[in-house]
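Structure file input-v7.pdb (PDB, C-alpha atoms) follows.
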```
ATOM      1  CA  MET A   1    -133.868-250.734 177.512
ATOM      2  CA  GLN A   2    -131.051-250.360 180.032
ATOM      3  CA  GLU A   3    -133.080-252.387 182.519
ATOM      4  CA  ALA A   4    -133.752-255.061 179.888
ATOM      5  CA  ILE A   5    -130.031-255.247 179.048
ATOM      6  CA  GLY A   6    -129.229-255.696 182.742
ATOM      7  CA  GLU A   7    -131.813-258.469 183.064
ATOM      8  CA  ILE A   8    -130.474-260.227 179.962
ATOM      9  CA  GLN A   9    -126.917-260.020 181.313
ATOM     10  CA  GLU A  10    -128.095-261.621 184.562
ATOM     11  CA  LEU A  11    -129.886-264.327 182.573
ATOM     12  CA  LYS A  12    -126.686-264.924 180.584
ATOM     13  CA  LYS A  13    -124.643-265.349 183.785
ATOM     14  CA  GLU A  14    -127.233-267.751 185.188
ATOM     15  CA  PHE A  15    -127.339-269.726 181.940
ATOM     16  CA  TRP A  16    -123.572-270.199 181.750
ATOM     17  CA  SER A  17    -123.255-271.084 185.449
ATOM     18  CA  ASP A  18    -126.181-273.559 185.449
ATOM     19  CA  VAL A  19    -126.230-275.056 181.949
ATOM     20  CA  LYS A  20    -126.114-278.868 181.930
ATOM     21  CA  ILE A  21    -125.648-280.710 178.656
ATOM     22  CA  PRO A  22    -126.323-284.445 178.861
ATOM     23  CA  GLY A  23    -124.964-286.850 176.283
ATOM     24  CA  GLU A  24    -121.843-288.603 175.136
ATOM     25  CA  ILE A  25    -118.594-286.826 174.300
ATOM     26  CA  ASN A  26    -117.765-288.878 171.226
ATOM     27  CA  SER A  27    -121.124-288.801 169.471
ATOM     28  CA  THR A  28    -123.475-286.315 167.896
ATOM     29  CA  ASN A  29    -125.194-284.423 170.691
ATOM     30  CA  PRO A  30    -128.415-282.553 169.852
ATOM     31  CA  GLU A  31    -128.525-281.183 173.411
ATOM     32  CA  LEU A  32    -125.266-279.324 172.798
ATOM     33  CA  ASP A  33    -126.810-277.789 169.668
ATOM     34  CA  LYS A  34    -129.874-276.694 171.672
ATOM     35  CA  ALA A  35    -127.703-275.096 174.367
ATOM     36  CA  GLY A  36    -125.745-273.245 171.690
ATOM     37  CA  ARG A  37    -128.963-271.905 170.211
ATOM     38  CA  VAL A  38    -130.190-270.688 173.592
ATOM     39  CA  ALA A  39    -126.855-268.934 174.156
ATOM     40  CA  ALA A  40    -127.096-267.303 170.712
ATOM     41  CA  PHE A  41    -130.656-266.092 171.380
ATOM     42  CA  ILE A  42    -129.566-264.558 174.690
ATOM     43  CA  GLU A  43    -126.771-262.690 172.872
ATOM     44  CA  LEU A  44    -129.167-261.613 170.126
ATOM     45  CA  GLY A  45    -131.671-260.263 172.652
ATOM     46  CA  GLU A  46    -129.008-258.169 174.344
ATOM     47  CA  LEU A  47    -127.763-256.884 170.993
ATOM     48  CA  MET A  48    -131.292-255.954 169.866
ATOM     49  CA  CYS A  49    -131.747-253.870 173.022
ATOM     50  CA  LEU A  50    -128.400-252.164 172.478
ATOM     51  CA  ASP A  51    -129.279-251.459 168.838
ATOM     52  CA  ALA A  52    -132.639-249.980 169.846
ATOM     53  CA  LEU A  53    -130.874-247.636 172.268
ATOM     54  CA  THR A  54    -128.573-246.327 169.541
ATOM     55  CA  ARG A  55    -131.450-245.275 167.251
ATOM     56  CA  GLU A  56    -132.983-241.976 168.279
ATOM     57  CA  GLU A  57    -135.993-242.373 166.020
ATOM     58  CA  SER A  58    -139.021-244.552 165.423
ATOM     59  CA  CYS A  59    -138.901-246.599 162.259
ATOM     60  CA  GLY A  60    -140.117-250.094 161.460
ATOM     61  CA  GLY A  61    -139.298-252.383 164.378
ATOM     62  CA  HIS A  62    -137.607-249.530 166.267
ATOM     63  CA  PHE A  63    -140.562-247.718 167.827
ATOM     64  CA  ARG A  64    -139.646-245.477 170.729
ATOM     65  CA  GLU A  65    -142.261-243.505 172.617
ATOM     66  CA  GLU A  66    -139.978-240.491 172.983
ATOM     67  CA  TYR A  67    -139.573-240.283 169.192
ATOM     68  CA  GLN A  68    -143.086-239.776 167.933
ATOM     69  CA  ASP A  69    -145.070-236.842 166.681
ATOM     70  CA  ALA A  70    -148.815-236.726 167.424
ATOM     71  CA  GLY A  71    -148.805-240.507 167.918
ATOM     72  CA  GLU A  72    -146.981-241.198 164.650
ATOM     73  CA  ALA A  73    -143.474-242.607 164.271
ATOM     74  CA  LYS A  74    -140.872-239.841 163.956
ATOM     75  CA  ARG A  75    -138.044-240.871 161.624
ATOM     76  CA  ASN A  76    -134.656-239.271 161.246
ATOM     77  CA  ASP A  77    -133.436-240.451 157.835
ATOM     78  CA  GLY A  78    -130.607-237.928 157.752
ATOM     79  CA  LYS A  79    -128.960-239.521 160.772
ATOM     80  CA  PHE A  80    -130.164-243.126 160.649
ATOM     81  CA  ALA A  81    -130.354-244.243 156.996
ATOM     82  CA  PHE A  82    -127.987-247.145 157.569
ATOM     83  CA  VAL A  83    -127.952-250.819 158.456
ATOM     84  CA  SER A  84    -126.458-251.631 161.840
ATOM     85  CA  ALA A  85    -123.836-254.345 161.449
ATOM     86  CA  TRP A  86    -122.622-255.200 164.941
ATOM     87  CA  GLU A  87    -119.172-256.728 165.300
ATOM     88  CA  TYR A  88    -118.202-259.131 168.076
ATOM     89  CA  ALA A  89    -115.226-257.625 169.933
ATOM     90  CA  GLY A  90    -114.444-260.535 172.236
ATOM     91  CA  PRO A  91    -115.585-261.802 175.611
ATOM     92  CA  GLY A  92    -116.432-259.068 178.082
ATOM     93  CA  LYS A  93    -116.043-256.311 175.483
ATOM     94  CA  ALA A  94    -118.786-254.133 174.048
ATOM     95  CA  PRO A  95    -119.776-254.939 170.460
ATOM     96  CA  ILE A  96    -118.682-252.467 167.784
ATOM     97  CA  LEU A  97    -121.277-250.725 165.628
ATOM     98  CA  ASN A  98    -120.438-250.698 161.927
ATOM     99  CA  LYS A  99    -122.767-248.648 159.739
ATOM    100  CA  GLU A 100    -123.594-249.715 156.201
ATOM    101  CA  PRO A 101    -125.299-246.817 154.386
ATOM    102  CA  LEU A 102    -128.626-247.436 152.695
ATOM    103  CA  GLU A 103    -128.696-246.391 149.061
ATOM    104  CA  PHE A 104    -132.011-245.881 147.304
ATOM    105  CA  GLU A 105    -132.058-245.725 143.519
ATOM    106  CA  ASN A 106    -135.637-246.620 142.621
ATOM    107  CA  VAL A 107    -137.501-245.701 145.804
ATOM    108  CA  HIS A 108    -137.505-242.441 147.738
ATOM    109  CA  LEU A 109    -137.557-242.350 151.521
ATOM    110  CA  SER A 110    -140.873-241.190 152.906
ATOM    111  CA  THR A 111    -142.671-241.286 156.217
ATOM    112  CA  ARG A 112    -145.551-243.719 156.435
ATOM    113  CA  GLY A 113    -148.689-243.010 158.430
ATOM    114  CA  TYR A 114    -149.930-245.827 160.642
ATOM    115  CA  LYS A 115    -153.288-244.370 161.623
TER     116      LYS A 115
END
```

Using structure tokens, write down the structure from this file.
Amino acid sequence: MQEAIGEIQELKKEFWSDVKIPGEINSTNPELDKAGRVAAFIELGELMCLDALTREESCGGHFREEYQDAGEAKRNDGKFAFVSAWEYAGPGKAPILNKEPLEFENVHLSTRGYK
């Protein structure tokens, strides 16, 4: 994940140094919208890698090889039963992790088998 984050950061630098947006200044520009979407996807990719690093478990989309038991996902509900809500802290600053606890009233947490 650290390597992926480094590669995404390099891609981000390249994007912002090489991006060219054709079109007129005083009219609607779909190319500007496309460039903004690419920039947002680059940020999202970096954030997804960072989020995956913060979860020391395997659950849903967060499967990590080092957190499995006999080939099955190994969850840690006591430590990770929350939604990650990442906050933008400004340019050049690390995002801030805000945790929103998951509350289950009608369903009980249980480990699923995938085999």

Practice item. Excluding A:Leu109 and any residue of its chain fewer than 3 positions from it, enumerate the residues within 12 Å of it, using only C-alpha atoms, and give them as number ranges by chain. Key: A: 59, 75-78, 80-81, 102-106, 112

Exercise for review: Measuring atom to atom with only C-alpha atoms, identify which of A:Ala52, A:Glu57, A:Phe15, A:Lys20 is nearest to A:Ala39.
Suggested key: A:Phe15

Check your understanding: Quick one: which residues end up in the PyMOL selection byres ((chain A and resi 85) around 6) for this structure, as a ChimeraX atom specification?
Key -> /A:84,86,98

Practice item. Please work out which residues fall within 10 Å of (-127.3, -244.6, 166.8), coordinates as given in the file, with only C-alpha atoms counting, and return them as a PyMOL selection string. Key: chain A and resi 50-57+79-80+82+84+97+99

Point to revise | Coordinates-based distance that separates atom CA of A:Ala40 from atom CA of A:Ser27 (Å, one decimal) | key: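 Calculated distance between atom CA of A:Ser27 and atom CA of A:Ala40 is 22.3 Å.
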
Practice item. In Å, rounded to a single decimal, give me how far atom CA of A:Gly71 is from atom CA of A:Gly45. Key: 26.6 Å
